[in-house]
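Worksheet for the structure shown next.
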Amino acid sequence: MSAAVPAVFEAVKVDYAAIAPMLVVVGGALIGVLVEAVAPRSTRYGAQLVLTLATIAAALVALFVWAVPHKAVTLGQSLAIDGPALFLQATLLVFGLLGVLAMSERFGGKSADAFTPMGASSPGSPQEAAATRAGFATSEVFPLALFSLFGMLIFVAANDLITMFVALEVLSLPLYILTGLARRRRLLSQEASLKYFLLGAFSSAFFLFGAALLYGFSGSSDLKLIARAITTNSSQMNGLLLPGAILVLIGLLFKVGAVPFHSWTPDAYQGAPTPITGFMAAATKAAAFGAILRIAYVGLEVSRWDWRVGVGLIAAATMIVGAVLSVTQTDVKRLLAYSSVAHAGFILVGLLSFDGNGIAGVMFYLVAYGLATLAAFAIVAMIRQGGSEATHLSQWAGLGRKHPVVAGIFGLLLLAFAGIPLTSGFTSKFAVFAPAIHSGGTMGVLLVVIGVLASAVTAYVYFRIIVLMYFTQAPEDDVVALTPSVATTIVVTVGVLATLLLGIVPGLLLQLAQDASTFLL
Amino acid sequence: MSNPYVPLFILLALGFGFAALSVGTSLVVGPKRYNRAKAEAYECGIQPSPRAEGGGRVPIKYFLTAMLFIIFDIESIFLFPFAVAFDQLGLFALVEMVLFIITVFVAYAYVWKRGGLEWD
């Protein structure tokens, strides 16, 4: 046993510059809670929006000014602020900025925001109606989003299983609440929230049990010391390594929605308020893959031959099930949910290549997919029938004739999800598949073959929607695309520009990802 | 030890065995006197959901009180070891503890101002 209990307490050394972005975000979230407590109801919404955007912008500045020059393993080895952590933290902060903009959308007063005015009231009750008439808003959404973002920032930097677990909970708990706050179809939303919570708690238990077994194996929860215990083969309890590794990985694969741990994904994505779905799909996925990267490449890399085939099978199942089940979906949010499952499989292929280009490819994929997803869900939130979101595919028929610009942008994003050249989808798939072929061995090649076939299946799904939007006669209904305010316009513009730029000139970001692909030990 | 997995399997068998034994024993030797309260879901006389089909509501007050208790309970649990080793820990730990208490008090201020401490 390497880690002995210290006889006297020692104050841990903290590199405040390295963790400044996280401190800014949690500080902003705490101020947000105080604003909720003291500000008059009419001013809260505006105050929270300004505060939240300013906090995330300040965290981005802090990241580039202080954290980037101060790469360090700090806080008693529990946080590693290294290349991958900084790259993903910057990505998450940008996702947070765009996600908060999408959450603030009120369509210039023509429609209310996406969140219930009174979460504690029964759906359809007089209390709810009274709260709606009074124009209440659940402005707690913004501090909750900041707390969740704070958890994600720790999650991608956590170098210790206990810190990682705390980060997992800090990022998940606000998301469970946010999922249950939809203004319309509240029962569906609450059901989604409960399912997400129960399965999330279930996966936390897996993660904790695995962490306990790895501690039993190595005598430490520090990833570096676990890696050292595997390398030196010094443990008396070798039997604990493989079960521990598998359980920890299952806990994390739950969060990215890999098959067979994906069953919460379509329900949570469908029930959650659409801006939250976009934020969840982009940011949670990036954070969870950040944690898997660190576990796989820092903690368990030496023992990878033991668990690599298992995760490879999961990747193959994820791609196949995600692609095939997306064919059968009739709801646009569920369809995008199954598509996100398939994308998780593609990312896993890159992750299993175990080379620096694989890390860079995974991070590039997360950026490209996240920005496109945020824009896609922002558009889904705009398509309305009688005030509520028209998510059934039949309602999207003929949309391209009524609203050519909106449908055209959505079509472009779908082409990116399908991986068509000149969009970010193609370059990002190339970025994860190339390292898998180059250094993934036979399994890598097999996975890429499955990945390409699964891409072809998903392409069929996306083209079907494009055909539906453009080449189908619109039924006589009142489905319209609301005119977005500047907030959604920014989200969609950034998403579309990123999709095109990363598709045509991917070199800049890919180079940045490659430079950032070394883990600090 | 021949195989490192043997203790794990023994533990697993013990776990299943304990569950089977507990349930089985009460099935075999437990008294079986049926009445109305016994037939209810939790056997404690309280309906789990009053008129659930008509949208009945369960009062959340006890739950709220329990949640608040947990928050301050955990705060005091963290304060105890700090208080015991206060002289060894120095200024750093004092600042950390103050920061921790501030975060708890932010939650307290929110609950207080938004009426979470009022019973009705």
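Residues are referred to by chain and number: the chain letter is A, B, ... according to the order shown in the structure tokens, the number counts from 1 in that chain, and ligands are numbered separately from 1 in the order shown.
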
**Request:** Select all residues from chain A having any atom no more than 12 Å from an atom of chain B (counting only C-alpha atoms, ignoring ligands), output as a PyMOL selection string.
**Result:** chain A and resi 7-14+23+26-41+120-125+140+143+187+213+217+235-243

For the selection you just gave me, I'd like the residues written to a file as a compact mmCIF listing (two decimals), in the first residue's frame, keeping N, CA and C atoms.
```
# COMPACT_ATOMS: atom_id res chain seq x y z
N ALA A 7 0.51 11.74 9.37
CA ALA A 7 0.40 11.90 10.82
C ALA A 7 -0.14 13.30 11.15
N VAL A 8 0.33 14.31 10.43
CA VAL A 8 -0.20 15.66 10.63
C VAL A 8 -0.85 16.11 9.33
N PHE A 9 -1.77 17.01 9.47
CA PHE A 9 -2.43 17.52 8.27
C PHE A 9 -1.48 18.44 7.52
N GLU A 10 -1.48 18.31 6.22
CA GLU A 10 -0.70 19.24 5.42
C GLU A 10 -1.65 20.01 4.53
N ALA A 11 -1.44 21.32 4.47
CA ALA A 11 -2.25 22.12 3.56
C ALA A 11 -1.83 21.80 2.12
N VAL A 12 -2.80 21.53 1.25
CA VAL A 12 -2.45 21.22 -0.13
C VAL A 12 -2.05 22.50 -0.85
N LYS A 13 -1.15 22.33 -1.82
CA LYS A 13 -0.76 23.48 -2.63
C LYS A 13 -1.80 23.68 -3.72
N VAL A 14 -2.22 24.91 -3.87
CA VAL A 14 -3.23 25.22 -4.87
C VAL A 14 -2.65 26.22 -5.87
N LEU A 23 -13.16 28.51 -10.60
CA LEU A 23 -13.56 29.37 -9.48
C LEU A 23 -14.50 30.46 -9.97
N VAL A 26 -18.04 28.86 -10.52
CA VAL A 26 -18.80 28.54 -9.30
C VAL A 26 -19.14 29.81 -8.54
N GLY A 27 -18.24 30.81 -8.58
CA GLY A 27 -18.54 32.10 -7.95
C GLY A 27 -19.76 32.74 -8.58
N GLY A 28 -19.80 32.73 -9.92
CA GLY A 28 -20.95 33.30 -10.62
C GLY A 28 -22.23 32.58 -10.28
N ALA A 29 -22.13 31.23 -10.14
CA ALA A 29 -23.32 30.45 -9.80
C ALA A 29 -23.83 30.82 -8.41
N LEU A 30 -22.90 31.01 -7.45
CA LEU A 30 -23.32 31.36 -6.09
C LEU A 30 -23.96 32.75 -6.07
N ILE A 31 -23.37 33.71 -6.82
CA ILE A 31 -23.99 35.04 -6.90
C ILE A 31 -25.37 34.91 -7.52
N GLY A 32 -25.50 34.01 -8.51
CA GLY A 32 -26.80 33.80 -9.13
C GLY A 32 -27.84 33.34 -8.13
N VAL A 33 -27.44 32.44 -7.22
CA VAL A 33 -28.39 31.98 -6.19
C VAL A 33 -28.80 33.15 -5.30
N LEU A 34 -27.83 34.03 -4.96
CA LEU A 34 -28.17 35.19 -4.12
C LEU A 34 -29.10 36.15 -4.86
N VAL A 35 -28.87 36.30 -6.18
CA VAL A 35 -29.77 37.14 -6.97
C VAL A 35 -31.19 36.59 -6.89
N GLU A 36 -31.31 35.26 -6.99
CA GLU A 36 -32.63 34.64 -6.86
C GLU A 36 -33.25 34.98 -5.51
N ALA A 37 -32.40 35.06 -4.47
CA ALA A 37 -32.93 35.28 -3.12
C ALA A 37 -33.37 36.72 -2.93
N VAL A 38 -32.60 37.69 -3.42
CA VAL A 38 -32.87 39.08 -3.02
C VAL A 38 -33.47 39.94 -4.12
N ALA A 39 -33.23 39.64 -5.40
CA ALA A 39 -33.72 40.54 -6.45
C ALA A 39 -35.23 40.44 -6.58
N PRO A 40 -35.91 41.56 -6.88
CA PRO A 40 -37.35 41.48 -7.12
C PRO A 40 -37.65 40.62 -8.34
N ARG A 41 -38.82 39.99 -8.33
CA ARG A 41 -39.12 38.99 -9.34
C ARG A 41 -39.01 39.52 -10.76
N ALA A 120 -43.12 23.51 -9.06
CA ALA A 120 -43.69 22.73 -7.98
C ALA A 120 -45.19 22.51 -8.14
N SER A 121 -45.83 23.17 -9.12
CA SER A 121 -47.28 23.01 -9.27
C SER A 121 -47.58 21.78 -10.11
N SER A 122 -48.79 21.19 -9.89
CA SER A 122 -49.18 20.05 -10.72
C SER A 122 -49.44 20.54 -12.13
N PRO A 123 -49.10 19.73 -13.13
CA PRO A 123 -49.41 20.12 -14.51
C PRO A 123 -50.90 20.31 -14.68
N GLY A 124 -51.31 21.42 -15.28
CA GLY A 124 -52.72 21.69 -15.55
C GLY A 124 -53.50 22.21 -14.35
N SER A 125 -52.81 22.54 -13.25
CA SER A 125 -53.51 22.97 -12.04
C SER A 125 -53.78 24.47 -12.07
N GLU A 140 -34.09 30.29 -12.03
CA GLU A 140 -33.08 29.41 -11.42
C GLU A 140 -32.35 28.59 -12.47
N PRO A 143 -28.47 29.81 -12.79
CA PRO A 143 -27.50 29.29 -11.83
C PRO A 143 -27.34 27.77 -11.93
N LEU A 187 -45.76 16.53 -17.95
CA LEU A 187 -45.69 15.17 -17.42
C LEU A 187 -44.57 14.40 -18.10
N LEU A 213 -13.09 -0.78 -5.97
CA LEU A 213 -12.26 -1.94 -6.32
C LEU A 213 -10.88 -1.49 -6.78
N PHE A 217 -7.29 -2.35 -5.25
CA PHE A 217 -6.18 -2.89 -6.04
C PHE A 217 -4.90 -2.11 -5.80
N SER A 235 0.61 -5.03 -6.74
CA SER A 235 -0.55 -5.24 -5.89
C SER A 235 -0.68 -6.70 -5.48
N GLN A 236 -1.20 -6.91 -4.25
CA GLN A 236 -1.50 -8.27 -3.79
C GLN A 236 -2.87 -8.72 -4.30
N MET A 237 -3.63 -7.79 -4.87
CA MET A 237 -5.01 -8.09 -5.22
C MET A 237 -5.27 -7.84 -6.69
N ASN A 238 -4.57 -8.58 -7.53
CA ASN A 238 -4.71 -8.36 -8.97
C ASN A 238 -6.12 -8.61 -9.48
N GLY A 239 -6.86 -9.46 -8.75
CA GLY A 239 -8.21 -9.78 -9.19
C GLY A 239 -9.14 -8.58 -9.19
N LEU A 240 -8.78 -7.51 -8.46
CA LEU A 240 -9.68 -6.37 -8.37
C LEU A 240 -9.54 -5.42 -9.54
N LEU A 241 -8.42 -5.54 -10.29
CA LEU A 241 -8.16 -4.55 -11.33
C LEU A 241 -9.22 -4.58 -12.43
N LEU A 242 -9.43 -5.76 -13.01
CA LEU A 242 -10.33 -5.83 -14.16
C LEU A 242 -11.78 -5.49 -13.79
N PRO A 243 -12.35 -6.08 -12.71
CA PRO A 243 -13.71 -5.66 -12.35
C PRO A 243 -13.79 -4.17 -12.06
```

**Prompt:** So, counting only C-alpha atoms, which residue among A:Phe471, A:Tyr45, A:Trp305, A:Phe289 is closest to Glu105 of chain A?
**Reply:**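 Distance minimum relative to Glu105 of chain A lands on A:Tyr45.
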
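Note that atom CA of Ser78 of chain A and atom CA of Ser76 of chain B are 24.6 Å apart.
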
**Message:** If I take atom CA of Ala145 of chain A and atom CA of Gly119 of chain A, how far is one from the other in Å, to one decimal?
**Reply:**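 For atom CA of Ala145 of chain A relative to atom CA of Gly119 of chain A, the distance reads 16.1 Å.
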
**Request:** Find the residue from A:Phe142, A:Gln190, A:Met319, A:Ala167 that sits nearest to Thr284 of chain A; use only C-alpha atoms when measuring.
**Result:**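 Closest candidate: A:Ala167.
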
**Request:** Please identify all polymer residues within 10 Å of Phe78 of chain B, counting only C-alpha atoms, omitting same-chain residues fewer than 4 positions from it, and present them as a PyMOL selection string.
**Result:** chain B and resi 72-74+82-83+97+100-101

Okay, now the selection with N, CA and C atoms, as an mmCIF file, in the first residue's frame?
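Saved the output as out15.cif:
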```
data_model
loop_
_atom_site.group_PDB
_atom_site.id
_atom_site.type_symbol
_atom_site.label_atom_id
_atom_site.label_comp_id
_atom_site.auth_asym_id
_atom_site.auth_seq_id
_atom_site.Cartn_x
_atom_site.Cartn_y
_atom_site.Cartn_z
ATOM 1 N N PHE B 72 -27.553 21.168 6.754
ATOM 2 C CA PHE B 72 -26.857 21.716 7.919
ATOM 3 C C PHE B 72 -26.184 20.615 8.727
ATOM 4 N N ASP B 73 -26.713 19.422 8.648
ATOM 5 C CA ASP B 73 -26.068 18.282 9.288
ATOM 6 C C ASP B 73 -24.691 18.052 8.692
ATOM 7 N N ILE B 74 -24.627 18.072 7.370
ATOM 8 C CA ILE B 74 -23.347 17.836 6.704
ATOM 9 C C ILE B 74 -22.381 18.962 7.021
ATOM 10 N N PHE B 82 -12.562 19.832 11.633
ATOM 11 C CA PHE B 82 -11.823 21.084 11.535
ATOM 12 C C PHE B 82 -11.602 21.668 12.924
ATOM 13 N N ALA B 83 -12.638 21.649 13.748
ATOM 14 C CA ALA B 83 -12.512 22.215 15.084
ATOM 15 C C ALA B 83 -11.505 21.430 15.920
ATOM 16 N N MET B 97 -12.502 26.848 5.336
ATOM 17 C CA MET B 97 -13.713 26.570 6.105
ATOM 18 C C MET B 97 -14.704 27.720 5.955
ATOM 19 N N PHE B 100 -16.341 27.420 2.710
ATOM 20 C CA PHE B 100 -17.328 26.343 2.731
ATOM 21 C C PHE B 100 -18.612 26.817 3.393
ATOM 22 N N ILE B 101 -18.454 27.549 4.529
ATOM 23 C CA ILE B 101 -19.647 28.020 5.244
ATOM 24 C C ILE B 101 -20.387 29.047 4.395
#
```

**Message:** Which residues are close to Lys224 of chain A, i.e. within 10 Å by only C-alpha atoms, leaving aside same-chain residues fewer than 6 positions away? Reply as an MDAnalysis selection string.
**Reply:** chainID A and resid 77 159:160 230 295 298:300 520:521

Could you write those residues out with N, CA and C atoms, as a short mmCIF file (atom, residue, chain, number, x, y, z; two decimals), in the first residue's frame?
```cif
data_model
loop_
_atom_site.label_atom_id
_atom_site.label_comp_id
_atom_site.auth_asym_id
_atom_site.auth_seq_id
_atom_site.Cartn_x
_atom_site.Cartn_y
_atom_site.Cartn_z
N GLN A 77 -2.75 16.72 -6.29
CA GLN A 77 -2.79 15.77 -7.41
C GLN A 77 -4.20 15.44 -7.87
N ASN A 159 -8.20 14.15 -11.83
CA ASN A 159 -7.10 13.21 -11.94
C ASN A 159 -7.17 12.19 -10.82
N ASP A 160 -8.31 12.12 -10.19
CA ASP A 160 -8.47 11.31 -9.00
C ASP A 160 -9.90 10.81 -9.01
N ILE A 230 -0.34 -0.72 -11.64
CA ILE A 230 -0.51 -1.69 -12.73
C ILE A 230 0.84 -1.99 -13.37
N ILE A 295 -9.33 8.54 -17.92
CA ILE A 295 -9.29 7.21 -17.30
C ILE A 295 -8.55 6.23 -18.22
N VAL A 298 -4.65 7.72 -18.92
CA VAL A 298 -3.76 7.97 -17.78
C VAL A 298 -3.84 6.82 -16.78
N GLY A 299 -5.06 6.47 -16.35
CA GLY A 299 -5.19 5.51 -15.26
C GLY A 299 -5.02 4.07 -15.69
N LEU A 300 -5.72 3.69 -16.77
CA LEU A 300 -5.82 2.26 -17.09
C LEU A 300 -5.09 1.89 -18.38
N LEU A 520 -0.78 15.49 -18.77
CA LEU A 520 0.26 15.81 -17.81
C LEU A 520 0.20 14.77 -16.70
N LEU A 521 1.36 14.22 -16.31
CA LEU A 521 1.35 13.21 -15.26
C LEU A 521 1.86 13.78 -13.95
#
```

**Message:** One number please: atom CA of Thr163 of chain A to atom CA of Ser221 of chain A, in Å, one decimal.
**Reply:**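 Distance between the two atoms: 9.1 Å.
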
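The protein and nucleic acid residues lying at most 12 Å from Val486 of chain A are Leu98, Leu101, Ala102, Ser104, Glu105, Arg106, Phe107, Gly108, Val492 and Thr493 of chain A, with only C-alpha atoms considered and sequence neighbours fewer than 6 positions away removed.
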
**Request:** Report as a PyMOL selection string: the residues of segment 105-216 of chain A with a DSSP assignment of strand (DSSP E or B), based on the backbone of this structure.
**Result:** chain A and resi 115+158+160+182

Convert the current residue selection to file output with C-alpha atoms, as a PDB file, in the first residue's frame.
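See selection.pdb below for the written result:
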```
ATOM      1  CA  PHE A 115     -39.299  26.583 -18.857  1.00  0.00           C
ATOM      2  CA  ALA A 158     -10.232  15.223 -12.536  1.00  0.00           C
ATOM      3  CA  ASP A 160      -8.468  11.313  -8.999  1.00  0.00           C
ATOM      4  CA  ALA A 182     -40.301  21.994 -19.574  1.00  0.00           C
TER       5      ALA A 182
END
```

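Between Ser42 of chain A and the candidates A:Ala137, A:Val448, A:Ile314, A:Ala368, the tightest atom-to-atom separation, counting only C-alpha atoms, involves A:Ala137.
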